[in-house]
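**Q** Hey, dropping target.cif in here, mmCIF, N, CA and C atoms:
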data_start
loop_
_atom_site.label_atom_id
_atom_site.label_comp_id
_atom_site.auth_asym_id
_atom_site.auth_seq_id
_atom_site.Cartn_x
_atom_site.Cartn_y
_atom_site.Cartn_z
N VAL A 1 16.44 -23.84 54.53
CA VAL A 1 15.27 -24.67 54.69
C VAL A 1 14.32 -23.96 55.66
N SER A 2 13.07 -23.80 55.25
CA SER A 2 12.11 -23.12 56.11
C SER A 2 11.64 -24.04 57.23
N GLN A 3 11.10 -23.43 58.26
CA GLN A 3 10.59 -24.19 59.40
C GLN A 3 9.47 -25.13 58.95
N GLN A 4 8.59 -24.63 58.07
CA GLN A 4 7.48 -25.45 57.58
C GLN A 4 8.01 -26.65 56.77
N ASN A 5 9.01 -26.45 55.96
CA ASN A 5 9.60 -27.55 55.20
C ASN A 5 10.20 -28.60 56.13
N MET A 6 10.86 -28.14 57.19
CA MET A 6 11.45 -29.07 58.15
C MET A 6 10.36 -29.88 58.85
N ARG A 7 9.28 -29.22 59.22
CA ARG A 7 8.16 -29.94 59.87
C ARG A 7 7.59 -30.99 58.93
N GLU A 8 7.38 -30.64 57.69
CA GLU A 8 6.83 -31.58 56.71
C GLU A 8 7.77 -32.77 56.50
N PHE A 9 9.07 -32.49 56.43
CA PHE A 9 10.05 -33.57 56.29
C PHE A 9 9.97 -34.53 57.47
N LEU A 10 9.94 -33.98 58.68
CA LEU A 10 9.89 -34.83 59.87
C LEU A 10 8.61 -35.65 59.92
N LYS A 11 7.48 -35.07 59.56
CA LYS A 11 6.22 -35.81 59.52
C LYS A 11 6.28 -36.96 58.53
N LYS A 12 6.80 -36.68 57.33
CA LYS A 12 6.88 -37.72 56.30
C LYS A 12 7.87 -38.81 56.69
N TYR A 13 9.02 -38.42 57.23
CA TYR A 13 10.03 -39.38 57.65
C TYR A 13 9.47 -40.29 58.74
N ASN A 14 8.78 -39.70 59.70
CA ASN A 14 8.18 -40.46 60.79
C ASN A 14 7.16 -41.46 60.26
N ALA A 15 6.31 -41.03 59.34
CA ALA A 15 5.29 -41.91 58.77
C ALA A 15 5.92 -43.03 57.94
N LEU A 16 6.92 -42.69 57.15
CA LEU A 16 7.58 -43.65 56.27
C LEU A 16 8.39 -44.68 57.06
N LYS A 17 9.18 -44.24 57.99
CA LYS A 17 10.09 -45.13 58.72
C LYS A 17 9.47 -45.72 59.99
N LYS A 18 8.30 -45.21 60.40
CA LYS A 18 7.63 -45.70 61.62
C LYS A 18 8.62 -45.68 62.80
N THR A 19 9.28 -44.56 62.95
CA THR A 19 10.30 -44.43 63.98
C THR A 19 9.95 -43.30 64.94
N THR A 20 10.55 -43.37 66.09
CA THR A 20 10.37 -42.30 67.07
C THR A 20 11.38 -41.21 66.78
N ILE A 21 10.91 -39.98 66.83
CA ILE A 21 11.80 -38.83 66.66
C ILE A 21 11.77 -38.06 67.96
N LEU A 22 12.92 -37.79 68.52
CA LEU A 22 13.03 -37.01 69.74
C LEU A 22 13.26 -35.56 69.34
N LEU A 23 12.30 -34.72 69.64
CA LEU A 23 12.38 -33.30 69.29
C LEU A 23 12.53 -32.51 70.58
N THR A 24 13.60 -31.75 70.67
CA THR A 24 13.73 -30.84 71.82
C THR A 24 13.54 -29.44 71.27
N SER A 25 12.57 -28.73 71.83
CA SER A 25 12.26 -27.41 71.29
C SER A 25 11.59 -26.55 72.34
N HIS A 26 11.84 -25.27 72.23
CA HIS A 26 11.13 -24.28 73.03
C HIS A 26 10.06 -23.60 72.17
N TYR A 27 9.97 -23.97 70.91
CA TYR A 27 8.99 -23.39 69.99
C TYR A 27 7.72 -24.23 70.01
N MET A 28 6.71 -23.71 70.66
CA MET A 28 5.47 -24.47 70.83
C MET A 28 4.78 -24.75 69.50
N GLU A 29 5.01 -23.93 68.48
CA GLU A 29 4.44 -24.21 67.16
C GLU A 29 4.99 -25.53 66.61
N ASP A 30 6.28 -25.77 66.83
CA ASP A 30 6.88 -27.04 66.40
C ASP A 30 6.27 -28.20 67.17
N VAL A 31 6.16 -28.03 68.47
CA VAL A 31 5.62 -29.09 69.32
C VAL A 31 4.19 -29.43 68.90
N GLU A 32 3.35 -28.41 68.72
CA GLU A 32 1.96 -28.65 68.32
C GLU A 32 1.86 -29.31 66.95
N ALA A 33 2.74 -28.91 66.03
CA ALA A 33 2.68 -29.45 64.67
C ALA A 33 3.20 -30.87 64.56
N LEU A 34 4.12 -31.25 65.43
CA LEU A 34 4.82 -32.53 65.25
C LEU A 34 4.59 -33.58 66.32
N CYS A 35 4.14 -33.19 67.48
CA CYS A 35 4.15 -34.13 68.61
C CYS A 35 2.76 -34.53 69.07
N LYS A 36 2.61 -35.85 69.30
CA LYS A 36 1.41 -36.36 69.96
C LYS A 36 1.70 -36.49 71.46
N ARG A 37 2.91 -36.91 71.78
CA ARG A 37 3.31 -37.12 73.17
C ARG A 37 4.38 -36.10 73.51
N VAL A 38 4.30 -35.57 74.73
CA VAL A 38 5.32 -34.63 75.19
C VAL A 38 5.82 -35.04 76.56
N ILE A 39 7.07 -34.72 76.79
CA ILE A 39 7.67 -34.89 78.10
C ILE A 39 8.24 -33.52 78.47
N ILE A 40 7.82 -33.02 79.62
CA ILE A 40 8.31 -31.73 80.09
C ILE A 40 9.29 -32.01 81.23
N ILE A 41 10.50 -31.49 81.05
CA ILE A 41 11.55 -31.72 82.03
C ILE A 41 11.98 -30.36 82.59
N ASN A 42 12.05 -30.28 83.90
CA ASN A 42 12.47 -29.06 84.56
C ASN A 42 13.61 -29.41 85.52
N HIS A 43 14.78 -28.85 85.27
CA HIS A 43 15.96 -29.12 86.09
C HIS A 43 16.19 -30.61 86.27
N GLY A 44 16.06 -31.37 85.18
CA GLY A 44 16.33 -32.80 85.21
C GLY A 44 15.21 -33.68 85.74
N GLN A 45 14.10 -33.08 86.16
CA GLN A 45 12.98 -33.86 86.70
C GLN A 45 11.81 -33.83 85.72
N ILE A 46 11.27 -35.01 85.41
CA ILE A 46 10.11 -35.09 84.53
C ILE A 46 8.90 -34.59 85.30
N ILE A 47 8.26 -33.53 84.76
CA ILE A 47 7.08 -33.00 85.43
C ILE A 47 5.80 -33.28 84.65
N TYR A 48 5.93 -33.74 83.40
CA TYR A 48 4.77 -34.20 82.64
C TYR A 48 5.25 -35.16 81.57
N ASP A 49 4.53 -36.26 81.41
CA ASP A 49 4.80 -37.24 80.37
C ASP A 49 3.45 -37.77 79.91
N GLY A 50 3.04 -37.37 78.72
CA GLY A 50 1.75 -37.82 78.23
C GLY A 50 1.38 -37.19 76.90
N LEU A 51 0.14 -37.38 76.53
CA LEU A 51 -0.35 -36.84 75.26
C LEU A 51 -0.45 -35.33 75.32
N LEU A 52 -0.07 -34.69 74.23
CA LEU A 52 -0.17 -33.24 74.14
C LEU A 52 -1.61 -32.79 74.33
N ALA A 53 -2.55 -33.53 73.75
CA ALA A 53 -3.97 -33.18 73.87
C ALA A 53 -4.44 -33.21 75.32
N ASP A 54 -3.90 -34.13 76.11
CA ASP A 54 -4.29 -34.23 77.52
C ASP A 54 -3.67 -33.14 78.38
N LEU A 55 -2.57 -32.58 77.92
CA LEU A 55 -1.87 -31.54 78.68
C LEU A 55 -2.79 -30.35 78.96
N VAL A 56 -3.49 -29.87 77.93
CA VAL A 56 -4.39 -28.73 78.09
C VAL A 56 -5.55 -29.11 79.01
N ASP A 57 -6.13 -30.29 78.80
CA ASP A 57 -7.25 -30.72 79.64
C ASP A 57 -6.85 -30.80 81.11
N LYS A 58 -5.64 -31.26 81.37
CA LYS A 58 -5.20 -31.49 82.74
C LYS A 58 -4.85 -30.19 83.47
N TYR A 59 -4.30 -29.22 82.76
CA TYR A 59 -3.75 -28.05 83.43
C TYR A 59 -4.50 -26.74 83.22
N VAL A 60 -5.52 -26.73 82.38
CA VAL A 60 -6.21 -25.47 82.11
C VAL A 60 -7.69 -25.61 82.43
N ASP A 61 -8.22 -24.63 83.14
CA ASP A 61 -9.62 -24.66 83.56
C ASP A 61 -10.48 -23.64 82.82
N HIS A 62 -9.97 -23.12 81.70
CA HIS A 62 -10.71 -22.10 80.96
C HIS A 62 -10.50 -22.23 79.46
N LYS A 63 -11.34 -21.54 78.73
CA LYS A 63 -11.20 -21.44 77.28
C LYS A 63 -11.06 -19.97 76.93
N ILE A 64 -10.59 -19.71 75.72
CA ILE A 64 -10.45 -18.36 75.21
C ILE A 64 -11.58 -18.12 74.22
N VAL A 65 -12.40 -17.12 74.48
CA VAL A 65 -13.54 -16.80 73.62
C VAL A 65 -13.26 -15.45 72.99
N THR A 66 -13.18 -15.44 71.66
CA THR A 66 -12.93 -14.22 70.91
C THR A 66 -14.20 -13.87 70.15
N VAL A 67 -14.65 -12.63 70.31
CA VAL A 67 -15.91 -12.20 69.70
C VAL A 67 -15.70 -10.88 68.98
N SER A 68 -16.18 -10.82 67.74
CA SER A 68 -16.26 -9.53 67.05
C SER A 68 -17.74 -9.18 66.94
N PHE A 69 -18.03 -7.90 67.08
CA PHE A 69 -19.40 -7.43 67.11
C PHE A 69 -19.71 -6.57 65.90
N LYS A 70 -20.98 -6.54 65.51
CA LYS A 70 -21.44 -5.71 64.39
C LYS A 70 -21.47 -4.24 64.77
N LYS A 71 -21.64 -3.96 66.06
CA LYS A 71 -21.59 -2.58 66.56
C LYS A 71 -20.95 -2.59 67.94
N GLU A 72 -20.70 -1.42 68.48
CA GLU A 72 -20.00 -1.29 69.75
C GLU A 72 -20.76 -1.95 70.91
N VAL A 73 -19.97 -2.59 71.78
CA VAL A 73 -20.48 -3.19 73.01
C VAL A 73 -19.65 -2.60 74.15
N LEU A 74 -20.32 -2.20 75.22
CA LEU A 74 -19.63 -1.60 76.35
C LEU A 74 -18.83 -2.63 77.13
N LYS A 75 -17.66 -2.22 77.58
CA LYS A 75 -16.79 -3.10 78.35
C LYS A 75 -17.50 -3.61 79.60
N LYS A 76 -18.28 -2.75 80.26
CA LYS A 76 -18.96 -3.15 81.50
C LYS A 76 -19.97 -4.29 81.26
N ASP A 77 -20.50 -4.38 80.03
CA ASP A 77 -21.43 -5.46 79.70
C ASP A 77 -20.72 -6.80 79.48
N LEU A 78 -19.43 -6.73 79.28
CA LEU A 78 -18.63 -7.94 79.03
C LEU A 78 -17.91 -8.44 80.28
N GLU A 79 -17.66 -7.54 81.22
CA GLU A 79 -16.87 -7.88 82.42
C GLU A 79 -17.48 -9.01 83.24
N LYS A 80 -18.81 -9.11 83.24
CA LYS A 80 -19.46 -10.14 84.05
C LYS A 80 -19.44 -11.51 83.38
N LEU A 81 -18.94 -11.58 82.14
CA LEU A 81 -18.92 -12.85 81.40
C LEU A 81 -17.63 -13.63 81.58
N GLY A 82 -16.56 -12.95 81.93
CA GLY A 82 -15.27 -13.61 82.09
C GLY A 82 -14.19 -12.57 82.26
N VAL A 83 -12.96 -13.02 82.30
CA VAL A 83 -11.81 -12.13 82.41
C VAL A 83 -11.51 -11.55 81.02
N ILE A 84 -11.50 -10.25 80.93
CA ILE A 84 -11.22 -9.60 79.64
C ILE A 84 -9.71 -9.56 79.43
N ARG A 85 -9.27 -10.21 78.37
CA ARG A 85 -7.85 -10.20 78.02
C ARG A 85 -7.52 -9.06 77.06
N GLU A 86 -8.49 -8.75 76.21
CA GLU A 86 -8.31 -7.68 75.23
C GLU A 86 -9.68 -7.10 74.93
N TYR A 87 -9.74 -5.79 74.80
CA TYR A 87 -11.04 -5.15 74.54
C TYR A 87 -10.88 -4.00 73.56
N LYS A 88 -11.76 -3.96 72.60
CA LYS A 88 -12.01 -2.83 71.71
C LYS A 88 -13.53 -2.77 71.63
N PRO A 89 -14.12 -1.61 71.33
CA PRO A 89 -15.59 -1.52 71.33
C PRO A 89 -16.32 -2.55 70.46
N GLN A 90 -15.66 -3.05 69.42
CA GLN A 90 -16.31 -4.05 68.55
C GLN A 90 -15.57 -5.39 68.56
N TYR A 91 -14.78 -5.63 69.62
CA TYR A 91 -13.96 -6.85 69.67
C TYR A 91 -13.58 -7.13 71.11
N VAL A 92 -13.64 -8.39 71.51
CA VAL A 92 -13.21 -8.75 72.85
C VAL A 92 -12.60 -10.15 72.84
N VAL A 93 -11.61 -10.34 73.71
CA VAL A 93 -11.06 -11.67 73.97
C VAL A 93 -11.29 -11.91 75.46
N LEU A 94 -12.05 -12.96 75.75
CA LEU A 94 -12.42 -13.31 77.11
C LEU A 94 -11.80 -14.63 77.53
N GLU A 95 -11.47 -14.74 78.79
CA GLU A 95 -11.07 -16.01 79.39
C GLU A 95 -12.27 -16.43 80.24
N ILE A 96 -12.87 -17.57 79.88
CA ILE A 96 -14.07 -18.03 80.58
C ILE A 96 -13.81 -19.44 81.12
N LYS A 97 -14.14 -19.64 82.39
CA LYS A 97 -13.98 -20.96 83.02
C LYS A 97 -14.76 -22.01 82.23
N ASN A 98 -14.18 -23.19 82.08
CA ASN A 98 -14.80 -24.27 81.31
C ASN A 98 -16.25 -24.54 81.70
N ALA A 99 -16.54 -24.49 82.98
CA ALA A 99 -17.89 -24.79 83.46
C ALA A 99 -18.94 -23.81 82.95
N TYR A 100 -18.51 -22.63 82.53
CA TYR A 100 -19.46 -21.58 82.12
C TYR A 100 -19.42 -21.25 80.63
N VAL A 101 -18.53 -21.87 79.88
CA VAL A 101 -18.33 -21.49 78.48
C VAL A 101 -19.62 -21.59 77.66
N ARG A 102 -20.31 -22.71 77.70
CA ARG A 102 -21.52 -22.89 76.88
C ARG A 102 -22.59 -21.86 77.24
N GLU A 103 -22.84 -21.74 78.53
CA GLU A 103 -23.87 -20.81 79.00
C GLU A 103 -23.55 -19.37 78.60
N ARG A 104 -22.31 -18.96 78.77
CA ARG A 104 -21.94 -17.57 78.48
C ARG A 104 -21.81 -17.32 76.98
N ALA A 105 -21.38 -18.30 76.23
CA ALA A 105 -21.35 -18.15 74.77
C ALA A 105 -22.77 -18.01 74.24
N ALA A 106 -23.70 -18.79 74.78
CA ALA A 106 -25.11 -18.69 74.38
C ALA A 106 -25.66 -17.32 74.71
N LYS A 107 -25.30 -16.80 75.88
CA LYS A 107 -25.76 -15.47 76.29
C LYS A 107 -25.21 -14.40 75.34
N ILE A 108 -23.94 -14.52 75.00
CA ILE A 108 -23.33 -13.56 74.07
C ILE A 108 -24.06 -13.60 72.73
N LEU A 109 -24.31 -14.81 72.23
CA LEU A 109 -24.96 -14.96 70.92
C LEU A 109 -26.40 -14.47 70.90
N THR A 110 -27.10 -14.60 72.01
CA THR A 110 -28.52 -14.23 72.01
C THR A 110 -28.79 -12.81 72.47
N THR A 111 -27.83 -12.18 73.15
CA THR A 111 -28.10 -10.84 73.69
C THR A 111 -27.22 -9.74 73.12
N MET A 112 -26.24 -10.09 72.30
CA MET A 112 -25.30 -9.10 71.79
C MET A 112 -25.23 -9.18 70.26
N PRO A 113 -24.82 -8.06 69.63
CA PRO A 113 -24.75 -8.01 68.17
C PRO A 113 -23.50 -8.72 67.61
N VAL A 114 -23.47 -10.03 67.71
CA VAL A 114 -22.29 -10.82 67.33
C VAL A 114 -22.14 -10.90 65.82
N ASP A 115 -20.92 -10.62 65.38
CA ASP A 115 -20.56 -10.82 63.98
C ASP A 115 -19.87 -12.18 63.82
N ASP A 116 -18.99 -12.51 64.79
CA ASP A 116 -18.26 -13.78 64.74
C ASP A 116 -17.83 -14.15 66.15
N ILE A 117 -17.77 -15.44 66.43
CA ILE A 117 -17.33 -15.92 67.74
C ILE A 117 -16.44 -17.14 67.54
N LEU A 118 -15.38 -17.21 68.32
CA LEU A 118 -14.44 -18.34 68.26
C LEU A 118 -14.16 -18.78 69.69
N ILE A 119 -14.37 -20.06 69.95
CA ILE A 119 -14.06 -20.64 71.26
C ILE A 119 -12.88 -21.56 71.06
N ASP A 120 -11.80 -21.29 71.80
CA ASP A 120 -10.57 -22.03 71.57
C ASP A 120 -9.93 -22.43 72.91
N GLU A 121 -9.06 -23.43 72.84
CA GLU A 121 -8.28 -23.84 74.01
C GLU A 121 -7.24 -22.77 74.30
N ALA A 122 -6.75 -22.76 75.51
CA ALA A 122 -5.64 -21.89 75.85
C ALA A 122 -4.43 -22.32 75.04
N PRO A 123 -3.61 -21.38 74.61
CA PRO A 123 -2.41 -21.75 73.84
C PRO A 123 -1.48 -22.65 74.65
N VAL A 124 -0.83 -23.59 73.97
CA VAL A 124 0.05 -24.54 74.64
C VAL A 124 1.15 -23.82 75.42
N GLU A 125 1.69 -22.73 74.86
CA GLU A 125 2.76 -22.02 75.58
C GLU A 125 2.25 -21.46 76.91
N GLU A 126 0.98 -21.09 76.97
CA GLU A 126 0.38 -20.64 78.23
C GLU A 126 0.30 -21.78 79.23
N VAL A 127 -0.03 -22.96 78.75
CA VAL A 127 -0.10 -24.14 79.61
C VAL A 127 1.28 -24.46 80.18
N ILE A 128 2.28 -24.44 79.33
CA ILE A 128 3.65 -24.73 79.76
C ILE A 128 4.10 -23.70 80.80
N ARG A 129 3.82 -22.43 80.52
CA ARG A 129 4.19 -21.36 81.45
C ARG A 129 3.53 -21.60 82.82
N LYS A 130 2.26 -21.99 82.80
CA LYS A 130 1.53 -22.23 84.05
C LYS A 130 2.16 -23.40 84.82
N ILE A 131 2.55 -24.45 84.12
CA ILE A 131 3.18 -25.60 84.78
C ILE A 131 4.48 -25.18 85.45
N PHE A 132 5.30 -24.39 84.77
CA PHE A 132 6.58 -23.98 85.35
C PHE A 132 6.39 -22.98 86.48
N ASN A 133 5.34 -22.16 86.41
CA ASN A 133 5.12 -21.16 87.46
C ASN A 133 4.47 -21.74 88.71
N THR A 134 3.58 -22.73 88.52
CA THR A 134 2.85 -23.24 89.67
C THR A 134 3.18 -24.70 89.99
N GLY A 135 3.87 -25.36 89.10
CA GLY A 135 4.20 -26.77 89.31
C GLY A 135 3.07 -27.65 88.79
N PRO A 136 3.35 -28.92 88.57
CA PRO A 136 2.33 -29.83 88.05
C PRO A 136 1.26 -30.13 89.10
N LYS A 137 0.05 -30.40 88.61
CA LYS A 137 -1.03 -30.84 89.51
C LYS A 137 -0.73 -32.26 89.95
N THR A 138 -1.07 -32.56 91.15
CA THR A 138 -0.94 -33.93 91.60
C THR A 138 -2.33 -34.55 91.61
N SER A 139 -2.47 -35.68 90.95
CA SER A 139 -3.78 -36.34 90.90
C SER A 139 -3.66 -37.83 90.98
#
Is it possible to give me this structure as structure tokens?
**A**
Amino acid sequence: VSQQNMREFLKKYNALKKTTILLTSHYMEDVEALCKRVIIINHGQIIYDGLLADLVDKYVDHKIVTVSFKKEVLKKDLEKLGVIREYKPQYVVLEIKNAYVRERAAKILTTMPVDDILIDEAPVEEVIRKIFNTGPKTS
């Protein structure tokens, strides 16, 4: 049975039976595909209990901006826009603080030879890693 088939079965079973399914997994793809609510437990202590969608909002202060260009763009012209995670002359992946995403995306679109741009949330596995490395925020 493939992973995708198992996910589809669980989704259909949940919808049909209107039941709670407890999924324990280290595979964030499974968690994202199947779960609305997550509970993160570390050494027997609950460190997060809430909606998966709220997890990223609560623990991440940046977005991932991926841009492909029609022609080469110098790395030095991109460094002032955010943290460069990956760079090729016609491709960049930037980490940009949430407060600056709109402004800097607009700057990229109006001043650079953009072929395509994608603004995305940080991956869930990155959020989980951050929680375990720094501990949960207290609010």
**Q** Could you give me, as a list in words, the residues that sit within 6.5 Å of (2.6, -36.7, 73.2) in the file's coordinates, counting only N, CA and C atoms?
**A**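 Output: Cys35, Lys36, Arg37, Val38, Ile39, Gly50, Leu51, Leu52 and Ala53 of chain A.
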**Q** From the set A:Met112, A:Leu55, A:Met6, A:Ile119, which residue has the shortest atom-to-atom contact distance to A:Leu94, counting only C-alpha atoms?
**A** A:Ile119
**Q** If I take atom CA of A:Ile131 and atom CA of A:Ile46, how far is one from the other in Å, to one decimal?
**A**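 So the two atoms, atom CA of A:Ile131 and atom CA of A:Ile46, lie 11.8 Å apart.
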**Q** List every residue of stretch 3-138 of chain A that DSSP, applied to the backbone, labels as helix (DSSP H, G or I), and write the result as an MDAnalysis selection string.
**A** chainID A and resid 3:17 28:34 52:59 75:79 98:111 124:134
**Q** Mind telling me what the PyMOL selection byres ((chain A and resi 71) around 8) catches here, as number ranges by chain?
**A** A: 68-70, 72-74, 89-91, 112-115
**Q** Carefully work through the PyMOL selection byres (((chain A and resi 104 and name CA) around 12) and name CA) for this structure and note down the residues it includes, as an NGL selection string.
**A** :A and (63-65 or 67 or 78-82 or 94-103 or 105-112 or 117 or 119)
**Q** Centre and edge lengths of an axis-aligned box around all listed atoms of stretch 39-49 of chain A, with 4 Å added on each side, are to be given in Å to one decimal, as AutoDock Vina command-line options.
**A**
--center_x 9.9 --center_y -33.3 --center_z 81.7 --size_x 20.9 --size_y 16.9 --size_z 17.9
**Q** To one decimal place in Å, what is the distance between atom N of A:Asp120 and atom C of A:Asp30?
**A**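 We find that atom N of A:Asp120 and atom C of A:Asp30 lie 19.9 Å from each other.
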**Q** Could you please fill out stretch 43-64 of chain A with N, CA, C and O atoms and send it back as an mmCIF file, keeping the file's coordinate frame?
**A**
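Resulting contents of rebuild11.cif:
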data_model
loop_
_atom_site.group_PDB
_atom_site.id
_atom_site.type_symbol
_atom_site.label_atom_id
_atom_site.label_comp_id
_atom_site.auth_asym_id
_atom_site.auth_seq_id
_atom_site.Cartn_x
_atom_site.Cartn_y
_atom_site.Cartn_z
ATOM 1 N N HIS A 43 14.780 -28.850 85.270
ATOM 2 C CA HIS A 43 15.960 -29.120 86.090
ATOM 3 C C HIS A 43 16.190 -30.610 86.270
ATOM 4 O O HIS A 43 16.426 -31.094 87.385
ATOM 5 N N GLY A 44 16.060 -31.370 85.180
ATOM 6 C CA GLY A 44 16.330 -32.800 85.210
ATOM 7 C C GLY A 44 15.210 -33.680 85.740
ATOM 8 O O GLY A 44 15.330 -34.887 85.773
ATOM 9 N N GLN A 45 14.100 -33.080 86.160
ATOM 10 C CA GLN A 45 12.980 -33.860 86.700
ATOM 11 C C GLN A 45 11.810 -33.830 85.720
ATOM 12 O O GLN A 45 11.420 -32.758 85.240
ATOM 13 N N ILE A 46 11.270 -35.010 85.410
ATOM 14 C CA ILE A 46 10.110 -35.090 84.530
ATOM 15 C C ILE A 46 8.900 -34.590 85.300
ATOM 16 O O ILE A 46 8.545 -35.148 86.337
ATOM 17 N N ILE A 47 8.260 -33.530 84.760
ATOM 18 C CA ILE A 47 7.080 -33.000 85.430
ATOM 19 C C ILE A 47 5.800 -33.280 84.650
ATOM 20 O O ILE A 47 4.707 -33.090 85.168
ATOM 21 N N TYR A 48 5.930 -33.740 83.400
ATOM 22 C CA TYR A 48 4.770 -34.200 82.640
ATOM 23 C C TYR A 48 5.250 -35.160 81.570
ATOM 24 O O TYR A 48 6.239 -34.917 80.894
ATOM 25 N N ASP A 49 4.530 -36.260 81.410
ATOM 26 C CA ASP A 49 4.800 -37.240 80.370
ATOM 27 C C ASP A 49 3.450 -37.770 79.910
ATOM 28 O O ASP A 49 2.788 -38.498 80.645
ATOM 29 N N GLY A 50 3.040 -37.370 78.720
ATOM 30 C CA GLY A 50 1.750 -37.820 78.230
ATOM 31 C C GLY A 50 1.380 -37.190 76.900
ATOM 32 O O GLY A 50 2.209 -36.563 76.239
ATOM 33 N N LEU A 51 0.140 -37.380 76.530
ATOM 34 C CA LEU A 51 -0.350 -36.840 75.260
ATOM 35 C C LEU A 51 -0.450 -35.330 75.320
ATOM 36 O O LEU A 51 -0.884 -34.761 76.330
ATOM 37 N N LEU A 52 -0.070 -34.690 74.230
ATOM 38 C CA LEU A 52 -0.170 -33.240 74.140
ATOM 39 C C LEU A 52 -1.610 -32.790 74.330
ATOM 40 O O LEU A 52 -1.887 -31.819 75.036
ATOM 41 N N ALA A 53 -2.550 -33.530 73.750
ATOM 42 C CA ALA A 53 -3.970 -33.180 73.870
ATOM 43 C C ALA A 53 -4.440 -33.210 75.320
ATOM 44 O O ALA A 53 -5.268 -32.392 75.737
ATOM 45 N N ASP A 54 -3.900 -34.130 76.110
ATOM 46 C CA ASP A 54 -4.290 -34.230 77.520
ATOM 47 C C ASP A 54 -3.670 -33.140 78.380
ATOM 48 O O ASP A 54 -4.189 -32.820 79.452
ATOM 49 N N LEU A 55 -2.570 -32.580 77.920
ATOM 50 C CA LEU A 55 -1.870 -31.540 78.680
ATOM 51 C C LEU A 55 -2.790 -30.350 78.960
ATOM 52 O O LEU A 55 -2.909 -29.902 80.092
ATOM 53 N N VAL A 56 -3.490 -29.870 77.930
ATOM 54 C CA VAL A 56 -4.390 -28.730 78.090
ATOM 55 C C VAL A 56 -5.550 -29.110 79.010
ATOM 56 O O VAL A 56 -5.900 -28.359 79.922
ATOM 57 N N ASP A 57 -6.130 -30.290 78.800
ATOM 58 C CA ASP A 57 -7.250 -30.720 79.640
ATOM 59 C C ASP A 57 -6.850 -30.800 81.110
ATOM 60 O O ASP A 57 -7.629 -30.456 81.996
ATOM 61 N N LYS A 58 -5.640 -31.260 81.370
ATOM 62 C CA LYS A 58 -5.200 -31.490 82.740
ATOM 63 C C LYS A 58 -4.850 -30.190 83.470
ATOM 64 O O LYS A 58 -5.095 -30.070 84.665
ATOM 65 N N TYR A 59 -4.300 -29.220 82.760
ATOM 66 C CA TYR A 59 -3.750 -28.050 83.430
ATOM 67 C C TYR A 59 -4.500 -26.740 83.220
ATOM 68 O O TYR A 59 -4.153 -25.743 83.839
ATOM 69 N N VAL A 60 -5.520 -26.730 82.380
ATOM 70 C CA VAL A 60 -6.210 -25.470 82.110
ATOM 71 C C VAL A 60 -7.690 -25.610 82.430
ATOM 72 O O VAL A 60 -8.343 -26.561 82.007
ATOM 73 N N ASP A 61 -8.220 -24.630 83.140
ATOM 74 C CA ASP A 61 -9.620 -24.660 83.560
ATOM 75 C C ASP A 61 -10.480 -23.640 82.820
ATOM 76 O O ASP A 61 -11.566 -23.309 83.261
ATOM 77 N N HIS A 62 -9.970 -23.120 81.700
ATOM 78 C CA HIS A 62 -10.710 -22.100 80.960
ATOM 79 C C HIS A 62 -10.500 -22.230 79.460
ATOM 80 O O HIS A 62 -9.615 -22.944 79.016
ATOM 81 N N LYS A 63 -11.340 -21.540 78.730
ATOM 82 C CA LYS A 63 -11.200 -21.440 77.280
ATOM 83 C C LYS A 63 -11.060 -19.970 76.930
ATOM 84 O O LYS A 63 -11.396 -19.086 77.716
ATOM 85 N N ILE A 64 -10.590 -19.710 75.720
ATOM 86 C CA ILE A 64 -10.450 -18.360 75.210
ATOM 87 C C ILE A 64 -11.580 -18.120 74.220
ATOM 88 O O ILE A 64 -11.713 -18.868 73.241
#
